$ cat protein34.cif   # mmCIF, C-alpha atoms and all ligand atoms
data_start
#
loop_
_atom_site.label_atom_id
_atom_site.label_comp_id
_atom_site.auth_asym_id
_atom_site.auth_seq_id
_atom_site.Cartn_x
_atom_site.Cartn_y
_atom_site.Cartn_z
CA MET A 1 103.77 105.10 71.24
CA VAL A 2 104.75 101.64 72.28
CA ASP A 3 105.00 99.61 69.08
CA ILE A 4 104.85 95.90 69.19
CA ASP A 5 107.44 94.32 66.96
CA VAL A 6 106.61 90.68 66.50
CA GLY A 7 109.97 89.98 64.84
CA THR A 8 111.00 86.44 64.09
CA ASP A 9 110.59 85.07 67.61
CA ALA A 10 107.35 83.83 69.03
CA ALA A 11 107.42 86.39 71.85
CA PRO A 12 106.51 89.99 70.94
CA ARG A 13 109.16 92.64 71.51
CA TYR A 14 108.16 96.15 72.44
CA ARG A 15 109.74 99.17 70.84
CA TRP A 16 109.83 101.45 73.85
CA PRO A 17 109.38 105.20 73.52
CA GLU A 18 112.42 107.42 73.04
CA ASN A 19 113.06 108.40 76.62
CA SER A 20 113.20 104.80 77.73
CA ARG A 21 116.68 105.01 76.22
CA SER A 22 119.56 103.57 78.13
CA VAL A 23 121.80 105.61 80.31
CA GLU A 24 125.27 104.18 80.11
CA ASP A 25 126.43 105.21 83.54
CA ALA A 26 123.68 103.72 85.66
CA ALA A 27 126.15 102.88 88.40
CA SER A 28 127.32 106.46 88.62
CA VAL A 29 123.73 107.58 89.09
CA ALA A 30 123.51 105.28 92.08
CA SER A 31 126.71 106.58 93.60
CA GLY A 32 126.03 110.21 92.83
CA GLY A 33 128.82 110.91 90.37
CA GLY A 34 129.54 111.20 86.67
CA CYS A 35 127.78 112.53 83.62
CA SER A 36 127.35 110.61 80.38
CA HIS A 37 127.24 112.23 76.97
CA THR A 38 126.95 109.02 75.01
CA THR A 39 123.24 108.95 74.29
CA GLU A 40 122.31 112.56 74.90
CA SER A 41 124.23 114.23 72.11
CA VAL A 42 121.21 114.18 69.79
CA MET A 43 118.86 115.61 72.40
CA SER A 44 117.56 119.13 72.38
CA MET A 45 119.03 121.60 74.87
CA ASP A 46 115.92 121.51 77.04
CA ALA A 47 115.83 117.73 77.25
CA SER A 48 119.53 117.66 77.97
CA ASP A 49 119.13 120.30 80.72
CA THR A 50 116.29 118.33 82.24
CA LEU A 51 118.33 115.15 82.22
CA THR A 52 121.29 116.92 83.82
CA GLU A 53 118.98 118.30 86.49
CA LYS A 54 117.45 114.90 87.17
CA ARG A 55 120.86 113.24 87.34
CA SER A 56 122.16 115.91 89.66
CA GLY A 57 119.06 115.64 91.90
CA LEU A 58 119.52 111.88 92.16
CA GLY A 59 123.22 112.30 92.85
CA GLN A 60 122.46 114.66 95.74
CA ILE A 61 119.94 112.20 97.17
CA ALA A 62 122.48 109.36 96.87
CA LYS A 63 124.98 111.48 98.80
CA ARG A 64 122.41 112.21 101.51
CA VAL A 65 121.58 108.51 101.71
CA ALA A 66 125.28 107.66 102.06
CA GLY A 67 125.50 109.87 105.14
CA CYS A 68 122.06 109.10 106.55
CA THR A 69 121.78 107.89 110.14
CA ASP A 70 118.08 108.60 110.57
CA CYS A 71 117.20 105.05 111.57
CA GLY A 72 118.85 102.05 113.19
CA LEU A 73 119.48 100.31 109.86
CA SER A 74 122.41 102.66 109.27
CA ARG A 75 124.35 100.94 112.06
CA GLY A 76 124.40 97.52 110.38
CA ARG A 77 125.02 98.49 106.78
CA THR A 78 128.11 97.80 104.72
CA ARG A 79 127.00 100.11 101.93
CA THR A 80 123.89 102.15 101.28
CA VAL A 81 121.79 101.11 98.28
CA PRO A 82 120.17 104.30 96.97
CA GLY A 83 118.92 102.82 93.68
CA GLU A 84 120.08 103.02 90.11
CA GLY A 85 119.03 103.38 86.52
CA ASN A 86 117.84 105.94 84.03
CA PRO A 87 117.26 109.36 85.67
CA ASP A 88 114.69 110.00 82.93
CA ALA A 89 112.95 106.64 83.30
CA GLN A 90 109.28 106.37 82.43
CA ILE A 91 108.91 103.36 84.69
CA MET A 92 110.26 103.14 88.22
CA PHE A 93 110.35 99.92 90.23
CA ILE A 94 110.25 100.04 94.01
CA GLY A 95 111.28 96.97 95.96
CA GLU A 96 111.57 96.33 99.65
CA GLY A 97 115.14 96.68 100.86
CA PRO A 98 118.69 95.52 100.20
CA GLY A 99 119.69 91.95 100.99
CA PHE A 100 123.16 90.54 101.56
CA TYR A 101 124.56 91.04 98.03
CA GLU A 102 122.95 94.45 97.61
CA ASP A 103 124.52 95.56 100.91
CA GLN A 104 127.91 94.33 99.72
CA GLN A 105 127.71 95.95 96.29
CA GLY A 106 125.65 99.07 96.98
CA ARG A 107 123.32 98.19 94.10
CA PRO A 108 119.66 97.10 94.16
CA PHE A 109 118.46 93.66 93.09
CA VAL A 110 121.77 91.99 92.35
CA GLY A 111 120.96 88.63 94.02
CA ALA A 112 118.63 85.84 92.90
CA SER A 113 115.50 88.00 92.83
CA GLY A 114 117.46 90.59 90.85
CA LYS A 115 118.33 87.99 88.26
CA PHE A 116 114.65 87.17 87.92
CA LEU A 117 113.79 90.87 87.75
CA ASP A 118 116.29 91.21 84.88
CA GLU A 119 114.52 88.34 83.10
CA LEU A 120 111.13 89.93 83.62
CA LEU A 121 112.42 93.23 82.22
CA ALA A 122 114.03 91.48 79.24
CA GLY A 123 110.71 89.73 78.58
CA ILE A 124 109.15 93.11 77.80
CA GLY A 125 112.14 94.55 75.97
CA LEU A 126 113.61 96.52 78.86
CA ASP A 127 116.73 96.35 80.93
CA ARG A 128 117.76 98.02 84.15
CA LYS A 129 119.49 100.89 82.40
CA LYS A 130 116.18 101.96 80.88
CA VAL A 131 114.20 101.99 84.11
CA PHE A 132 114.97 103.16 87.63
CA ILE A 133 115.09 100.63 90.47
CA ALA A 134 114.91 101.65 94.13
CA ASN A 135 113.71 100.31 97.46
CA VAL A 136 111.58 101.57 100.34
CA VAL A 137 114.61 101.31 102.62
CA LYS A 138 118.14 102.02 101.45
CA CYS A 139 120.03 100.01 104.07
CA ARG A 140 119.88 96.27 104.68
CA PRO A 141 117.59 95.13 107.50
CA PRO A 142 119.55 92.72 109.75
CA SER A 143 119.26 89.09 108.62
CA ASN A 144 116.97 90.31 105.84
CA ARG A 145 114.10 90.84 108.26
CA ASP A 146 111.12 92.91 107.19
CA PRO A 147 111.66 96.67 107.30
CA GLN A 148 109.91 98.25 110.29
CA PRO A 149 107.40 101.10 109.95
CA ASP A 150 109.77 103.64 111.59
CA GLU A 151 112.56 102.65 109.17
CA ILE A 152 110.26 102.92 106.16
CA ALA A 153 109.06 106.30 107.41
CA ALA A 154 112.60 107.57 108.02
CA CYS A 155 113.68 106.53 104.52
CA GLY A 156 110.54 107.88 102.85
CA LYS A 157 112.05 111.29 102.18
CA HIS A 158 114.80 109.75 100.05
CA LEU A 159 112.35 107.76 97.96
CA ASP A 160 110.02 110.74 97.64
CA GLY A 161 112.99 112.79 96.44
CA GLN A 162 113.89 110.19 93.84
CA ILE A 163 110.31 110.02 92.54
CA GLY A 164 110.17 113.81 92.43
CA ALA A 165 113.44 114.01 90.48
CA ILE A 166 112.64 111.27 87.98
CA GLN A 167 108.92 111.97 87.59
CA PRO A 168 108.18 108.54 86.16
CA LYS A 169 104.97 107.93 84.28
CA VAL A 170 104.38 104.65 86.04
CA ILE A 171 105.53 103.26 89.38
CA VAL A 172 105.64 99.50 89.85
CA THR A 173 105.70 98.37 93.45
CA LEU A 174 107.36 95.01 94.04
CA GLY A 175 106.02 93.25 97.11
CA ARG A 176 103.83 94.27 99.93
CA TYR A 177 106.01 96.89 101.65
CA SER A 178 106.16 99.14 98.64
CA MET A 179 102.50 98.41 97.83
CA GLN A 180 101.55 99.51 101.36
CA ARG A 181 103.22 102.83 100.77
CA TYR A 182 100.45 103.60 98.30
CA PHE A 183 97.64 101.23 99.26
CA PRO A 184 97.81 100.55 102.98
CA GLY A 185 95.65 97.68 104.13
CA GLU A 186 95.29 96.23 100.63
CA SER A 187 96.09 92.65 99.79
CA ILE A 188 98.67 92.01 97.08
CA SER A 189 96.82 88.88 95.99
CA ARG A 190 93.75 91.02 95.27
CA ILE A 191 95.22 94.05 93.54
CA HIS A 192 98.41 92.83 91.82
CA GLY A 193 98.73 93.84 88.19
CA THR A 194 96.02 96.49 88.36
CA PRO A 195 97.11 100.10 87.77
CA ARG A 196 95.66 102.69 90.10
CA ARG A 197 96.02 106.41 90.38
CA LYS A 198 97.46 107.53 93.71
CA ASP A 199 98.76 110.97 94.70
CA GLY A 200 98.94 111.99 91.03
CA LEU A 201 100.95 108.90 90.14
CA ILE A 202 100.05 105.73 88.31
CA VAL A 203 100.99 102.82 90.52
CA VAL A 204 100.94 99.17 89.50
CA PRO A 205 101.32 96.80 92.46
CA MET A 206 103.09 93.54 91.68
CA TYR A 207 104.35 90.54 93.58
CA HIS A 208 107.96 90.66 94.67
CA PRO A 209 110.18 88.57 92.33
CA ALA A 210 111.43 86.66 95.39
CA ALA A 211 107.87 85.48 96.05
CA ALA A 212 107.76 83.92 92.59
CA LEU A 213 111.09 82.24 93.25
CA HIS A 214 109.72 80.70 96.44
CA GLN A 215 106.31 79.82 95.06
CA GLY A 216 106.43 78.51 91.51
CA SER A 217 102.78 79.23 90.74
CA LEU A 218 103.39 82.95 91.17
CA ARG A 219 105.95 82.99 88.37
CA ARG A 220 103.27 82.97 85.67
CA VAL A 221 101.30 85.59 87.57
CA ILE A 222 104.18 88.06 87.77
CA GLU A 223 105.14 87.39 84.15
CA ALA A 224 101.57 88.10 83.07
CA ASP A 225 101.52 91.31 85.14
CA PHE A 226 104.78 92.46 83.55
CA ALA A 227 103.46 91.67 80.07
CA ARG A 228 100.69 94.23 80.59
CA LEU A 229 103.06 97.07 81.52
CA PRO A 230 103.76 98.28 77.95
CA GLY A 231 100.04 98.67 77.35
CA PHE A 232 99.58 100.66 80.56
CA LEU A 233 102.44 102.97 79.68
CA GLU A 234 101.10 103.44 76.18
CA LYS A 235 97.78 104.49 77.61
CA VAL A 236 99.41 106.94 80.01
CA LEU A 237 101.53 108.46 77.24
CA ALA A 238 98.48 108.81 75.03
CA GLY A 239 96.84 110.83 77.81
CA GLY A 240 94.11 108.26 78.29
CA THR A 241 92.94 106.99 81.59
CA PRO A 242 95.75 104.94 82.99
CA GLU A 243 93.55 103.26 85.52
CA ALA A 244 92.58 99.74 84.63
CA THR A 245 89.34 99.39 82.78
CA GLU A 246 87.17 96.50 83.79
CA SER A 247 88.38 94.52 80.77
CA GLU A 248 91.97 94.88 82.00
CA VAL A 249 91.14 93.78 85.50
CA PRO A 250 91.64 90.05 85.85
CA PRO A 251 88.24 88.31 85.96
CA HIS A 252 88.46 87.30 89.61
CA MET A 253 88.95 90.95 90.63
CA ARG A 254 86.19 92.50 88.53
CA LYS A 255 83.32 94.22 90.25
CA GLY A 256 80.46 91.80 90.75
CA ALA A 257 82.61 88.77 89.98
CA PRO A 258 80.90 85.74 91.47
CA THR A 259 82.46 84.78 94.71
CA VAL A 260 83.48 81.27 95.57
CA ALA A 261 80.53 81.24 97.96
CA ALA A 262 78.05 82.07 95.23
CA LYS A 263 79.46 79.40 92.99
CA GLN A 264 79.87 76.55 95.34
CA GLY A 265 77.40 77.12 98.13
CA GLN A 266 78.09 78.01 101.68
CA ALA A 267 79.69 74.74 102.81
CA ALA A 268 82.19 74.60 99.96
CA ALA A 269 82.84 78.29 100.41
CA THR A 270 83.89 77.84 103.99
CA ALA A 271 86.51 75.28 102.96
CA ALA A 272 87.64 77.36 99.96
CA SER A 273 87.92 80.48 102.03
CA ALA A 274 90.07 78.72 104.63
CA GLU A 275 92.25 77.42 101.81
CA GLN A 276 92.48 80.85 100.24
CA GLN A 277 93.34 82.46 103.55
CA GLU A 278 96.09 79.94 104.08
CA ALA A 279 97.44 80.48 100.54
CA GLU A 280 97.31 84.22 101.03
CA SER A 281 99.03 84.17 104.37
CA GLN A 282 101.68 81.89 102.89
CA GLN A 283 102.19 84.38 100.05
CA MET A 284 102.39 87.20 102.56
CA ARG A 285 105.09 85.45 104.50
CA LEU A 286 107.06 85.03 101.31
CA LEU A 287 106.82 88.64 100.27
N1 LIG B 1 114.89 92.65 97.31
C1 LIG B 1 114.49 93.94 97.31
O1 LIG B 1 113.37 94.23 97.60
N2 LIG B 1 115.37 94.85 96.98
C2 LIG B 1 116.59 94.57 96.63
O2 LIG B 1 117.33 95.47 96.33
C3 LIG B 1 116.98 93.22 96.62
C4 LIG B 1 116.12 92.28 96.97
#
$ encode --input "protein34.cif" --output "structure tokens"
Amino acid sequence: MVDIDVGTDAAPRYRWPENSRSVEDAASVASGGGCSHTTESVMSMDASDTLTEKRSGLGQIAKRVAGCTDCGLSRGRTRTVPGEGNPDAQIMFIGEGPGFYEDQQGRPFVGASGKFLDELLAGIGLDRKKVFIANVVKCRPPSNRDPQPDEIAACGKHLDGQIGAIQPKVIVTLGRYSMQRYFPGESISRIHGTPRRKDGLIVVPMYHPAAALHQGSLRRVIEADFARLPGFLEKVLAGGTPEATESEVPPHMRKGAPTVAAKQGQAAATAASAEQQEAESQQMRLL
């Protein structure tokens, strides 16, 4: 149950379910070492065994990533960036790939977009020790270029392994490369913020935080999408349908929503559609 605690502030705070608890040694999960007993001492044997198994699985994957040379990105890396966070996370975030700072530190989302991601998490009562954060590629693409299909494919086994170990209830894709993993050919501007079931998982596509940093108007959009996450998770945990109901789908994406053409007539629609296409392609370039 995800309680909403209004508290004394204006913004609601969510009381996240028990196994959104922090794991103190997030960094050691990323590097494949260590075992924390700080928060697990009150857990039952089974839960503790499961957590140990998940941590060990993630550690093995991190070690494989550290030695991986399956694509050309391995040649330019300073450090691999396997991902980090709670091995028992209910929500997993998947970004694109390491940038300069991530490559230096071996940790995901530690630059400007990471700072914004931290703010987005804090806005819904989470932090990075309660979730798991990974990327579609674990090594930095040169000059932060887009990851290529062969690189994404080569790295897919590591990400699949992480998802299999963690078994999150909800996956949030950040940006179009991780969205395409689940919904190839889709447009982020059309499906962002809408949970969908894919391969037995609940996936919520979202804009990449860097896109919101480059394009101010997207900031509100990504904040609004994040604000709906607790409700989605609550629904999943309650065993209800996690897929968005029509009332959860933003009005412009609902089935039968009037198109710009219907509203404004064909001439206006032509102009609006050109404008929309330009806005969309600009967003795509930023993602
Ligand atoms: N952008 C990403 O997609 N991943 C990172 O780790 C950092 C920036």
$ closest_atom_pairs --input "protein34.cif" --of "chain A" --to "ligand LIG 1 (chain B)" --cutoff "10 Å" --atoms "only C-alpha atoms and all ligand atoms" --output "JSON lines"
{"residue": "A:Val81", "atom": "CA", "partner": "B:LIG1", "partner_atom": "O2", "distance": 7.5}
{"residue": "A:Pro82", "atom": "CA", "partner": "B:LIG1", "partner_atom": "O2", "distance": 9.3}
{"residue": "A:Gly83", "atom": "CA", "partner": "B:LIG1", "partner_atom": "O2", "distance": 8.0}
{"residue": "A:Phe93", "atom": "CA", "partner": "B:LIG1", "partner_atom": "O1", "distance": 9.8}
{"residue": "A:Ile94", "atom": "CA", "partner": "B:LIG1", "partner_atom": "O1", "distance": 7.5}
{"residue": "A:Gly95", "atom": "CA", "partner": "B:LIG1", "partner_atom": "O1", "distance": 3.8}
{"residue": "A:Glu96", "atom": "CA", "partner": "B:LIG1", "partner_atom": "O1", "distance": 3.4}
{"residue": "A:Gly97", "atom": "CA", "partner": "B:LIG1", "partner_atom": "N2", "distance": 4.3}
{"residue": "A:Pro98", "atom": "CA", "partner": "B:LIG1", "partner_atom": "O2", "distance": 4.1}
{"residue": "A:Gly99", "atom": "CA", "partner": "B:LIG1", "partner_atom": "C3", "distance": 5.3}
{"residue": "A:Phe100", "atom": "CA", "partner": "B:LIG1", "partner_atom": "C3", "distance": 8.4}
{"residue": "A:Tyr101", "atom": "CA", "partner": "B:LIG1", "partner_atom": "C3", "distance": 8.0}
{"residue": "A:Glu102", "atom": "CA", "partner": "B:LIG1", "partner_atom": "O2", "distance": 5.9}
{"residue": "A:Asp103", "atom": "CA", "partner": "B:LIG1", "partner_atom": "O2", "distance": 8.5}
{"residue": "A:Gly106", "atom": "CA", "partner": "B:LIG1", "partner_atom": "O2", "distance": 9.1}
{"residue": "A:Arg107", "atom": "CA", "partner": "B:LIG1", "partner_atom": "O2", "distance": 6.9}
{"residue": "A:Pro108", "atom": "CA", "partner": "B:LIG1", "partner_atom": "O2", "distance": 3.6}
{"residue": "A:Phe109", "atom": "CA", "partner": "B:LIG1", "partner_atom": "C3", "distance": 3.9}
{"residue": "A:Val110", "atom": "CA", "partner": "B:LIG1", "partner_atom": "C3", "distance": 6.5}
{"residue": "A:Gly111", "atom": "CA", "partner": "B:LIG1", "partner_atom": "C3", "distance": 6.6}
{"residue": "A:Ala112", "atom": "CA", "partner": "B:LIG1", "partner_atom": "C4", "distance": 8.0}
{"residue": "A:Ser113", "atom": "CA", "partner": "B:LIG1", "partner_atom": "C4", "distance": 6.0}
{"residue": "A:Gly114", "atom": "CA", "partner": "B:LIG1", "partner_atom": "C3", "distance": 6.4}
{"residue": "A:Lys115", "atom": "CA", "partner": "B:LIG1", "partner_atom": "C3", "distance": 10.0}
{"residue": "A:Leu117", "atom": "CA", "partner": "B:LIG1", "partner_atom": "C4", "distance": 9.6}
{"residue": "A:Ile133", "atom": "CA", "partner": "B:LIG1", "partner_atom": "O2", "distance": 8.1}
{"residue": "A:Ala134", "atom": "CA", "partner": "B:LIG1", "partner_atom": "O2", "distance": 7.0}
{"residue": "A:Asn135", "atom": "CA", "partner": "B:LIG1", "partner_atom": "N2", "distance": 5.7}
{"residue": "A:Val136", "atom": "CA", "partner": "B:LIG1", "partner_atom": "O1", "distance": 8.0}
{"residue": "A:Val137", "atom": "CA", "partner": "B:LIG1", "partner_atom": "N2", "distance": 8.6}
{"residue": "A:Lys138", "atom": "CA", "partner": "B:LIG1", "partner_atom": "O2", "distance": 8.4}
{"residue": "A:Cys139", "atom": "CA", "partner": "B:LIG1", "partner_atom": "O2", "distance": 9.4}
{"residue": "A:Arg140", "atom": "CA", "partner": "B:LIG1", "partner_atom": "O2", "distance": 8.8}
{"residue": "A:Asn144", "atom": "CA", "partner": "B:LIG1", "partner_atom": "N1", "distance": 9.1}
{"residue": "A:Asp146", "atom": "CA", "partner": "B:LIG1", "partner_atom": "O1", "distance": 9.9}
{"residue": "A:Thr173", "atom": "CA", "partner": "B:LIG1", "partner_atom": "O1", "distance": 9.7}
{"residue": "A:Leu174", "atom": "CA", "partner": "B:LIG1", "partner_atom": "O1", "distance": 7.0}
{"residue": "A:Gly175", "atom": "CA", "partner": "B:LIG1", "partner_atom": "O1", "distance": 7.4}
{"residue": "A:Arg176", "atom": "CA", "partner": "B:LIG1", "partner_atom": "O1", "distance": 9.8}
{"residue": "A:Tyr177", "atom": "CA", "partner": "B:LIG1", "partner_atom": "O1", "distance": 8.8}
{"residue": "A:Ser178", "atom": "CA", "partner": "B:LIG1", "partner_atom": "O1", "distance": 8.8}
{"residue": "A:His208", "atom": "CA", "partner": "B:LIG1", "partner_atom": "O1", "distance": 7.1}
{"residue": "A:Pro209", "atom": "CA", "partner": "B:LIG1", "partner_atom": "N1", "distance": 8.0}
{"residue": "A:Ala210", "atom": "CA", "partner": "B:LIG1", "partner_atom": "N1", "distance": 7.2}
{"residue": "A:Leu287", "atom": "CA", "partner": "B:LIG1", "partner_atom": "O1", "distance": 9.0}
$ closest_atom_pairs --input "protein34.cif" --of "range 176-222 of chain A" --to "range 164-167 of chain A" --cutoff "12 Å" --atoms "all atoms listed in the file" --output "CSV"
residue,atom,partner,partner_atom,distance
A:Asp199,CA,A:Gly164,CA,12.0
A:Gly200,CA,A:Gln167,CA,10.6
A:Leu201,CA,A:Gln167,CA,8.9
A:Ile202,CA,A:Gln167,CA,10.9
$ closest_residue --input "protein34.cif" --among "A:Met45, A:Ala122, A:Ala224, A:Cys155" --to "Cys68 in chain A" --atoms "all atoms listed in the file"
A:Cys155
$ closest_residue --input "protein34.cif" --among "A:Gly231, A:Pro87, A:Gly240, A:Gly193" --to "Thr50 in chain A" --atoms "only C-alpha atoms"
A:Pro87
$ closest_residue --input "protein34.cif" --among "A:Ile152, A:Leu126, A:Leu159, A:Leu120" --to "Phe226 in chain A" --atoms "only C-alpha atoms"
A:Leu120
$ closest_residue --input "protein34.cif" --among "A:Ala62, A:Ile163, A:Val221, A:Gly125" --to "Ser189 in chain A" --atoms "all atoms listed in the file"
A:Val221
$ closest_residue --input "protein34.cif" --among "A:Gln105, A:Gln215, A:Gln90, A:Gln148" --to "Leu229 in chain A" --atoms "all atoms listed in the file"
A:Gln90
$ closest_residue --input "protein34.cif" --among "A:Cys71, A:Ile191, A:Val204, A:Ile124" --to "Ala227 in chain A" --atoms "only C-alpha atoms"
A:Ile124
$ atom_distance --input "protein34.cif" --atom1 "CA of Arg64 in chain A" --atom2 "CA of Pro184 in chain A"
27.3 Å
$ atom_distance --input "protein34.cif" --atom1 "CA of Arg219 in chain A" --atom2 "CA of His192 in chain A"
12.9 Å
$ atom_distance --input "protein34.cif" --atom1 "CA of Lys235 in chain A" --atom2 "CA of Val170 in chain A"
10.7 Å
